[in-house]
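Below is one structure, written out as structure tokens, with a few remarks after it.
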Amino acid sequence: MCNRLLMAAEWEHVEQITGNTNEVEVWSLFDQPSKPVKAEMKVGGDKKLHGFGKCSFKVVEMSSIVAGPRCSVFPLIVMSNPTVVFDPYAAADLSDIVQTIVDNHNVAITGQAEWYPVAFFLRAENGEILGGLLGDIWAAWLHVRTLAVAAPARGHGFGRELMRRAELYAVERGCTDAFLDTFSFQAKPFYEKLGYRVFGMLENHPVGHQHYFMTKKLDFSK
């Protein structure tokens with residue numbers, strides 16, 4: 001969830017200077033050399049990179065503001081009579097903008113900027129996908145969002161192997177813990193055998209069932 005882009009509107013301060021120069025001054029949330037943040041601008045067709053902290057530049061087009069290897073393009077946002085709209089099938093880039101607002105806040109408060117996607121797949125010889133594990137890594141925690149194995153491939157240890165590979169990948173990137181959620185009609189006993197324990201539960205979600213939240217300490221030193 002982190003290592004995303006820092007949008008201009010999410011910087012601590014963006015001030016329009018009076019006059020016709022269209023210059024802005026930007027104070028970065030990460031105003032220290034140990035946490036580099038660069039603003040990539042297009043000025044008169046040329047790209048210019050501005051380094052840490054306070055900087056000034058003429059704005060022609062905002063290309064991107066980069067906080068790591070995960071890159072997208074976001075425009076400079078200007079507040080102008082916003083309204084709430086309902087769009088359950090919005091394009092992915094719109095959803096990413098919303099998520100980025102939260103991510104930027106999390107990074108600013110915690111200083112934790114390292115984020116990695118996690119995706120392992122169970123692929124048959126003919127190329128068919130028979131399952132996989134999806135999640136992400138942030139702040140030294142592995143989040144397992146989805147684990148699935150198709151019925152024909154169950155009972156052969158693939159679920160366990162997917163979990164093992166994801167946990168090892170997480171440890172290699174500095175993770176110390178993992179968490180996930182599952183329902184009473186899903187895989188709670190399976191996760192318990194892997195060392196996960198319940199730390200929270202929702203009753204009647206859905207009605208007649210329980211929704212469990214589980215965690216585990218990661219340790220491959222043994």
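By order of appearance in the structure tokens: chains A, B, ..., then residues from 1 within every chain, and ligands from 1 in the order shown.
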
(request) DSSP on the backbone, then: every residue of stretch 78-189 of chain A marked alpha helix (DSSP H), written as a ChimeraX atom specification. (result) /A:92-110,158-172,188-189

For the residues selected in the previous step, produce a file with N, CA and C atoms as a CSV table (one decimal), in the first residue's frame.
```csv
chain,number,residue,atom,x,y,z
A,92,ALA,N,-9.9,1.6,-12.8
A,92,ALA,CA,-8.9,1.3,-11.7
A,92,ALA,C,-8.1,2.6,-11.3
A,93,ASP,N,-7.8,3.4,-12.3
A,93,ASP,CA,-7.0,4.6,-12.0
A,93,ASP,C,-7.7,5.5,-11.0
A,94,LEU,N,-9.1,5.6,-11.1
A,94,LEU,CA,-9.8,6.4,-10.1
A,94,LEU,C,-9.7,5.8,-8.7
A,95,SER,N,-9.9,4.5,-8.7
A,95,SER,CA,-9.8,3.9,-7.4
A,95,SER,C,-8.4,4.0,-6.8
A,96,ASP,N,-7.4,4.0,-7.6
A,96,ASP,CA,-6.0,4.2,-7.2
A,96,ASP,C,-5.8,5.6,-6.6
A,97,ILE,N,-6.5,6.6,-7.1
A,97,ILE,CA,-6.3,7.9,-6.6
A,97,ILE,C,-6.9,8.0,-5.2
A,98,VAL,N,-8.0,7.4,-4.9
A,98,VAL,CA,-8.6,7.4,-3.6
A,98,VAL,C,-7.7,6.6,-2.6
A,99,GLN,N,-7.2,5.5,-3.0
A,99,GLN,CA,-6.3,4.7,-2.2
A,99,GLN,C,-5.0,5.5,-1.9
A,100,THR,N,-4.5,6.2,-2.9
A,100,THR,CA,-3.3,7.0,-2.7
A,100,THR,C,-3.4,8.0,-1.6
A,101,ILE,N,-4.6,8.6,-1.5
A,101,ILE,CA,-4.8,9.6,-0.5
A,101,ILE,C,-4.5,9.0,0.9
A,102,VAL,N,-5.1,7.8,1.1
A,102,VAL,CA,-4.8,7.1,2.4
A,102,VAL,C,-3.4,6.7,2.6
A,103,ASP,N,-2.8,6.2,1.5
A,103,ASP,CA,-1.4,5.7,1.5
A,103,ASP,C,-0.5,6.8,1.9
A,104,ASN,N,-0.7,8.0,1.3
A,104,ASN,CA,0.2,9.1,1.5
A,104,ASN,C,0.1,9.6,3.0
A,105,HIS,N,-1.1,9.5,3.6
A,105,HIS,CA,-1.2,9.9,5.0
A,105,HIS,C,-0.5,8.8,5.8
A,106,ASN,N,-0.7,7.6,5.5
A,106,ASN,CA,0.0,6.5,6.3
A,106,ASN,C,1.5,6.6,6.3
A,107,VAL,N,2.1,6.9,5.1
A,107,VAL,CA,3.5,7.1,5.0
A,107,VAL,C,4.0,8.3,5.7
A,108,ALA,N,3.2,9.4,5.6
A,108,ALA,CA,3.6,10.6,6.3
A,108,ALA,C,3.7,10.5,7.8
A,109,ILE,N,2.7,9.7,8.3
A,109,ILE,CA,2.6,9.6,9.8
A,109,ILE,C,3.7,8.6,10.3
A,110,THR,N,3.8,7.5,9.6
A,110,THR,CA,4.7,6.4,10.1
A,110,THR,C,6.1,6.4,9.6
A,158,PHE,N,-0.9,-27.7,-2.1
A,158,PHE,CA,-0.6,-26.5,-2.8
A,158,PHE,C,-0.9,-25.3,-2.0
A,159,GLY,N,-2.0,-25.3,-1.2
A,159,GLY,CA,-2.3,-24.2,-0.4
A,159,GLY,C,-1.2,-23.9,0.6
A,160,ARG,N,-0.7,-25.0,1.2
A,160,ARG,CA,0.4,-24.8,2.2
A,160,ARG,C,1.6,-24.3,1.5
A,161,GLU,N,1.9,-24.7,0.3
A,161,GLU,CA,3.1,-24.3,-0.4
A,161,GLU,C,2.9,-22.8,-0.8
A,162,LEU,N,1.8,-22.4,-1.2
A,162,LEU,CA,1.5,-21.0,-1.6
A,162,LEU,C,1.8,-20.1,-0.4
A,163,MET,N,1.3,-20.5,0.8
A,163,MET,CA,1.5,-19.8,2.0
A,163,MET,C,3.0,-19.7,2.4
A,164,ARG,N,3.7,-20.9,2.3
A,164,ARG,CA,5.1,-20.9,2.6
A,164,ARG,C,5.9,-20.0,1.7
A,165,ARG,N,5.6,-20.0,0.4
A,165,ARG,CA,6.3,-19.1,-0.5
A,165,ARG,C,6.1,-17.6,-0.2
A,166,ALA,N,4.8,-17.3,0.1
A,166,ALA,CA,4.5,-15.9,0.4
A,166,ALA,C,5.2,-15.5,1.7
A,167,GLU,N,5.2,-16.3,2.7
A,167,GLU,CA,5.8,-15.9,4.0
A,167,GLU,C,7.3,-15.8,3.8
A,168,LEU,N,7.9,-16.7,3.1
A,168,LEU,CA,9.4,-16.6,2.8
A,168,LEU,C,9.7,-15.3,2.1
A,169,TYR,N,8.9,-15.0,1.1
A,169,TYR,CA,9.1,-13.7,0.3
A,169,TYR,C,9.0,-12.5,1.2
A,170,ALA,N,8.0,-12.6,2.2
A,170,ALA,CA,7.8,-11.5,3.1
A,170,ALA,C,9.0,-11.3,4.0
A,171,VAL,N,9.5,-12.4,4.5
A,171,VAL,CA,10.6,-12.4,5.5
A,171,VAL,C,11.9,-11.8,4.8
A,172,GLU,N,12.1,-12.2,3.5
A,172,GLU,CA,13.2,-11.7,2.7
A,172,GLU,C,13.1,-10.2,2.6
A,188,LYS,N,-10.3,-21.7,8.5
A,188,LYS,CA,-9.7,-21.4,9.8
A,188,LYS,C,-8.8,-22.5,10.3
A,189,PRO,N,-9.2,-23.8,10.3
A,189,PRO,CA,-8.4,-24.9,10.8
A,189,PRO,C,-7.1,-25.0,10.0
```

(request) Please provide as a count of residues only all residues within 8 Å of stretch 179-186 of chain A, with the sequence filter that same-chain residues fewer than 6 positions apart are discarded (counting only C-alpha atoms). (result) 13

(request) Name the residues in contact with stretch 136-138 of chain A at a cut-off of 8 Å, using only C-alpha atoms, excluding same-chain residues fewer than 5 positions from it; report them as a ChimeraX atom specification. (result) /A:1-2,112-118,143-145,170,175

Saved selection, atoms kept: N, CA and C atoms, as a CSV table (one decimal), in the first residue's frame:
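Final output, saved to selection-v3.csv:
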```csv
chain,number,residue,atom,x,y,z
A,1,MET,N,0.8,-1.2,0.0
A,1,MET,CA,0.0,0.0,0.0
A,1,MET,C,0.8,1.2,0.0
A,2,CYS,N,2.1,1.2,0.3
A,2,CYS,CA,2.8,2.4,0.2
A,2,CYS,C,3.7,2.3,-1.1
A,112,GLN,N,6.9,4.8,7.0
A,112,GLN,CA,7.1,3.5,6.4
A,112,GLN,C,6.7,3.6,4.9
A,113,ALA,N,7.6,3.6,4.0
A,113,ALA,CA,7.3,3.9,2.6
A,113,ALA,C,7.5,2.6,1.8
A,114,GLU,N,8.1,1.5,2.3
A,114,GLU,CA,8.3,0.3,1.5
A,114,GLU,C,7.0,-0.5,1.4
A,115,TRP,N,6.6,-0.7,0.1
A,115,TRP,CA,5.4,-1.4,-0.2
A,115,TRP,C,5.7,-2.4,-1.4
A,116,TYR,N,5.2,-3.6,-1.2
A,116,TYR,CA,5.4,-4.6,-2.3
A,116,TYR,C,4.1,-5.4,-2.5
A,117,PRO,N,3.8,-5.6,-3.8
A,117,PRO,CA,2.6,-6.5,-4.1
A,117,PRO,C,3.1,-7.9,-3.9
A,118,VAL,N,2.2,-8.8,-3.5
A,118,VAL,CA,2.5,-10.2,-3.4
A,118,VAL,C,1.5,-11.0,-4.3
A,143,HIS,N,0.2,-9.1,4.4
A,143,HIS,CA,-1.2,-9.2,4.4
A,143,HIS,C,-1.6,-10.1,3.3
A,144,VAL,N,-2.2,-11.3,3.7
A,144,VAL,CA,-2.7,-12.3,2.8
A,144,VAL,C,-4.2,-11.9,2.5
A,145,ARG,N,-4.5,-11.4,1.4
A,145,ARG,CA,-5.8,-11.0,1.1
A,145,ARG,C,-6.7,-12.1,0.5
A,170,ALA,N,8.0,-12.6,2.2
A,170,ALA,CA,7.8,-11.5,3.1
A,170,ALA,C,9.0,-11.3,4.0
A,175,CYS,N,9.8,-8.6,6.7
A,175,CYS,CA,8.6,-8.8,7.5
A,175,CYS,C,8.8,-9.6,8.8
```

(request) Measure the distance from atom CA of A:Leu218 to atom CA of A:Asp177 in Å and round it to one decimal. (result)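 Interatomic distance here is 5.1 Å.
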
(request) Provide the atom CA of A:Pro88 to atom CA of A:Leu202 distance in Å, to one decimal place. (result)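 If I compute the distance from atom CA of A:Pro88 to atom CA of A:Leu202, I get 25.4 Å.
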
(request) Just give me the gap between atom CA of A:Ala119 and atom CA of A:Leu134 in Å, one decimal is fine. (result) 4.6 Å

(message) So, with only C-alpha atoms as the atoms that count, which of A:Asn126, A:Asn204, A:Thr146, A:Ser80 lies closest to A:Ala187?
(response)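 Closest to A:Ala187 of all the choices is A:Thr146.
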
(message) Using only C-alpha atoms, can you tell me which of A:Asn81, A:Thr176, A:Glu203, A:Glu125 comes closest to A:Phe220?
(response)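 Ranking A:Asn81, A:Thr176, A:Glu203, A:Glu125 by distance to A:Phe220, first place goes to A:Thr176.
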
(request) Using backbone DSSP assignments, extract all strand (DSSP E or B) residues from stretch 110-220 of chain A; output them as a PyMOL selection string. (result) chain A and resi 115-123+129-138+141-149+177-183+197-203+210-217

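Among the candidates A:Ser221, A:Pro206, A:Leu147, A:Ala91, the residue lying nearest to A:Tyr191 is A:Leu147 (atoms considered: only C-alpha atoms).
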